[in-house]
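Q: The structure's right below; bear with me while I get my questions together.
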Amino acid sequence: QHSCICAGFGSEPLSAEAYAEFDSNRRDTVTGDIYPLCPCPTTKHFNSSPAMCEMNKFDKMLEQMASLPGFRQVVVVDDNLEVFTRAWVVAELSAAHRLHIPQDVKMRSSGSLRVGSREIDVEKCKASRPEDVEHILSKIDNIKEFNKSLNDLIFRPRSGLLARYRSELTFSNAAKVSLAIGGLSVALESAL
């Protein structure tokens, strides 16, 4: 995919709000500098030349990878769960699940889940190129059913991708309550 995305950040959006997000995403969060683009001379192929485009073949690639022993999909989740707003990410999650590829989630901490689950709607997901969102949506027969399956896959309480982190958060909260109650009983005993 490098050869498809290394020469730019996608089309500049027309609306002020969309442009502000676009501009923010292309900048280093520490320095504010725009990330440098790759100077490689590789010819870029997008959806307009589907046979040569690499990005529209992730599902075929996953089908091939699924047959490899020990192959897993690792999903790195940011603190704000923004990864689940990216069209290619939700498409790849869904494809891997459909192919029964084991999926692992990595998060810095379960603290991100304190804000609660967000409802994911694939029609509201974003990509650097609007054409990519259109391409992904065109492959989905029933958007409502896809959204339900996707949300179950990620947020289902006992078996969704984030279930392990939710249980860690629940255990952590239970431990804090237990410590607080224990501390209260010790304080009461010493006061008596």
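By order of appearance in the structure tokens: chains A, B, ..., then residues from 1 within every chain, and ligands from 1 in the order shown.
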Give one line per residue of range 72-104 of chain A that approaches range 134-150 of chain A to at most 10 Å, naming the two atoms of the closest pair and their distance in Å to one decimal, counting only C-alpha atoms; sort by chain then ascending residue number and deliver it as JSON lines.

A:
{"residue": "A:Phe84", "atom": "CA", "partner": "A:Leu150", "partner_atom": "CA", "distance": 9.8}
{"residue": "A:Ala87", "atom": "CA", "partner": "A:Ile136", "partner_atom": "CA", "distance": 7.3}
{"residue": "A:Trp88", "atom": "CA", "partner": "A:Ile136", "partner_atom": "CA", "distance": 7.6}
{"residue": "A:Val90", "atom": "CA", "partner": "A:Leu150", "partner_atom": "CA", "distance": 7.5}
{"residue": "A:Ala91", "atom": "CA", "partner": "A:Ile136", "partner_atom": "CA", "distance": 7.0}
{"residue": "A:Leu93", "atom": "CA", "partner": "A:Leu150", "partner_atom": "CA", "distance": 8.1}
{"residue": "A:Ser94", "atom": "CA", "partner": "A:Leu150", "partner_atom": "CA", "distance": 6.6}
{"residue": "A:His97", "atom": "CA", "partner": "A:Leu150", "partner_atom": "CA", "distance": 9.4}

Q: Just the number, please: distance in Å from CA of Ile120 in chain A to CA of Ile154 in chain A, one decimal.

A: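 For CA of Ile120 in chain A relative to CA of Ile154 in chain A, the distance reads 9.3 Å.
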
Q: Per DSSP on the backbone, what are the strand (DSSP E or B) residues of range 19-180 of chain A, as a ChimeraX atom specification?

A: /A:27,34,73-77,86,103-107,126

Q: With N, CA, C and O atoms retained, export the selected residues as an mmCIF file, in the first residue's frame.

A:
data_model
loop_
_atom_site.group_PDB
_atom_site.id
_atom_site.type_symbol
_atom_site.label_atom_id
_atom_site.label_comp_id
_atom_site.auth_asym_id
_atom_site.auth_seq_id
_atom_site.Cartn_x
_atom_site.Cartn_y
_atom_site.Cartn_z
ATOM 1 N N ARG A 27 -0.334 16.636 10.005
ATOM 2 C CA ARG A 27 0.702 17.338 10.766
ATOM 3 C C ARG A 27 1.211 16.517 11.943
ATOM 4 O O ARG A 27 0.459 15.785 12.579
ATOM 5 N N ILE A 34 4.019 19.731 8.713
ATOM 6 C CA ILE A 34 3.379 18.780 7.804
ATOM 7 C C ILE A 34 4.360 17.638 7.571
ATOM 8 O O ILE A 34 5.545 17.863 7.337
ATOM 9 N N GLN A 73 -4.899 -11.360 12.991
ATOM 10 C CA GLN A 73 -5.025 -9.933 12.734
ATOM 11 C C GLN A 73 -4.846 -9.220 14.069
ATOM 12 O O GLN A 73 -5.531 -9.534 15.043
ATOM 13 N N VAL A 74 -3.918 -8.285 14.112
ATOM 14 C CA VAL A 74 -3.696 -7.503 15.323
ATOM 15 C C VAL A 74 -4.226 -6.101 15.071
ATOM 16 O O VAL A 74 -3.845 -5.439 14.110
ATOM 17 N N VAL A 75 -5.128 -5.653 15.935
ATOM 18 C CA VAL A 75 -5.750 -4.346 15.810
ATOM 19 C C VAL A 75 -5.233 -3.469 16.943
ATOM 20 O O VAL A 75 -5.482 -3.753 18.117
ATOM 21 N N VAL A 76 -4.511 -2.425 16.604
ATOM 22 C CA VAL A 76 -3.994 -1.502 17.608
ATOM 23 C C VAL A 76 -5.012 -0.371 17.745
ATOM 24 O O VAL A 76 -5.308 0.337 16.787
ATOM 25 N N VAL A 77 -5.558 -0.240 18.946
ATOM 26 C CA VAL A 77 -6.645 0.713 19.194
ATOM 27 C C VAL A 77 -6.110 1.914 19.958
ATOM 28 O O VAL A 77 -5.479 1.776 21.000
ATOM 29 N N ARG A 86 -12.367 4.665 10.792
ATOM 30 C CA ARG A 86 -11.663 4.577 9.506
ATOM 31 C C ARG A 86 -12.286 3.477 8.650
ATOM 32 O O ARG A 86 -12.405 2.324 9.076
ATOM 33 N N GLN A 103 -8.446 -12.655 15.853
ATOM 34 C CA GLN A 103 -8.201 -11.225 15.966
ATOM 35 C C GLN A 103 -7.786 -10.880 17.388
ATOM 36 O O GLN A 103 -8.420 -11.312 18.348
ATOM 37 N N ASP A 104 -6.729 -10.098 17.503
ATOM 38 C CA ASP A 104 -6.255 -9.623 18.795
ATOM 39 C C ASP A 104 -6.294 -8.103 18.805
ATOM 40 O O ASP A 104 -5.978 -7.467 17.804
ATOM 41 N N VAL A 105 -6.655 -7.554 19.950
ATOM 42 C CA VAL A 105 -6.677 -6.108 20.120
ATOM 43 C C VAL A 105 -5.564 -5.724 21.078
ATOM 44 O O VAL A 105 -5.351 -6.390 22.088
ATOM 45 N N LYS A 106 -4.878 -4.649 20.761
ATOM 46 C CA LYS A 106 -3.850 -4.108 21.648
ATOM 47 C C LYS A 106 -4.232 -2.670 21.956
ATOM 48 O O LYS A 106 -4.486 -1.868 21.055
ATOM 49 N N MET A 107 -4.292 -2.369 23.249
ATOM 50 C CA MET A 107 -4.599 -1.010 23.705
ATOM 51 C C MET A 107 -3.593 -0.651 24.783
ATOM 52 O O MET A 107 -3.095 -1.519 25.492
ATOM 53 N N LYS A 126 -14.534 7.303 7.606
ATOM 54 C CA LYS A 126 -13.749 8.182 6.740
ATOM 55 C C LYS A 126 -12.560 7.450 6.162
ATOM 56 O O LYS A 126 -12.097 6.456 6.711
#

Q: Give me, please, the distance in Å between CA of Thr31 in chain A and CA of Asp79 in chain A, quoted to one decimal.

A: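 We find that CA of Thr31 in chain A and CA of Asp79 in chain A lie 20.6 Å from each other.
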
Q: Which of these residues is nearest to Gly8 in chain A, using only C-alpha atoms: A:Ala20, A:Ala51, A:Ala163, A:Leu37?

A: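 Between A:Ala20, A:Ala51, A:Ala163, A:Leu37, the residue approaching Gly8 in chain A most closely is A:Leu37.
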
Q: From the set A:Val89, A:Ala95, A:Val30, A:Cys40, which residue has the shortest atom-to-atom contact distance to Leu62 in chain A, counting only C-alpha atoms?

A: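 Using only C-alpha atoms, the shortest distance to Leu62 in chain A belongs to A:Ala95.
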
Q: With distances taken over only C-alpha atoms, which of A:Arg108, A:Thr42, A:Pro102, A:Asp33 is nearest to Asp78 in chain A?

A: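 The shortest atom-to-atom distance to Asp78 in chain A comes from A:Arg108.
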
Q: Give me, as a VMD selection string, the residues of range 64-154 of chain A that a backbone DSSP run labels alpha helix (DSSP H).

A: chain A and resid 64 to 66 87 to 98 130 to 138 143 to 154

Q: With distances taken over only C-alpha atoms, which of A:Asp23, A:Asn151, A:Thr29, A:Leu161 is nearest to Val122 in chain A?

A: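 Ranked by minimum distance to Val122 in chain A, first place goes to A:Asn151.
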
Q: So what do you get for CA of Asn80 in chain A versus CA of Arg26 in chain A, distance-wise?

A: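 Between CA of Asn80 in chain A and CA of Arg26 in chain A the gap is 18.0 Å.
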
Q: Point out the residue among A:Lys44, A:Leu99, A:Asp132, A:Ala127 with the least atom-to-atom distance to Met65 in chain A, counting only C-alpha atoms.

A: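 For Met65 in chain A, the nearest of the given residues is A:Leu99.
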
Q: Measuring atom to atom with only C-alpha atoms, identify which of A:Arg158, A:Lys60, A:His100, A:Arg164 is nearest to Arg72 in chain A.

A: A:His100
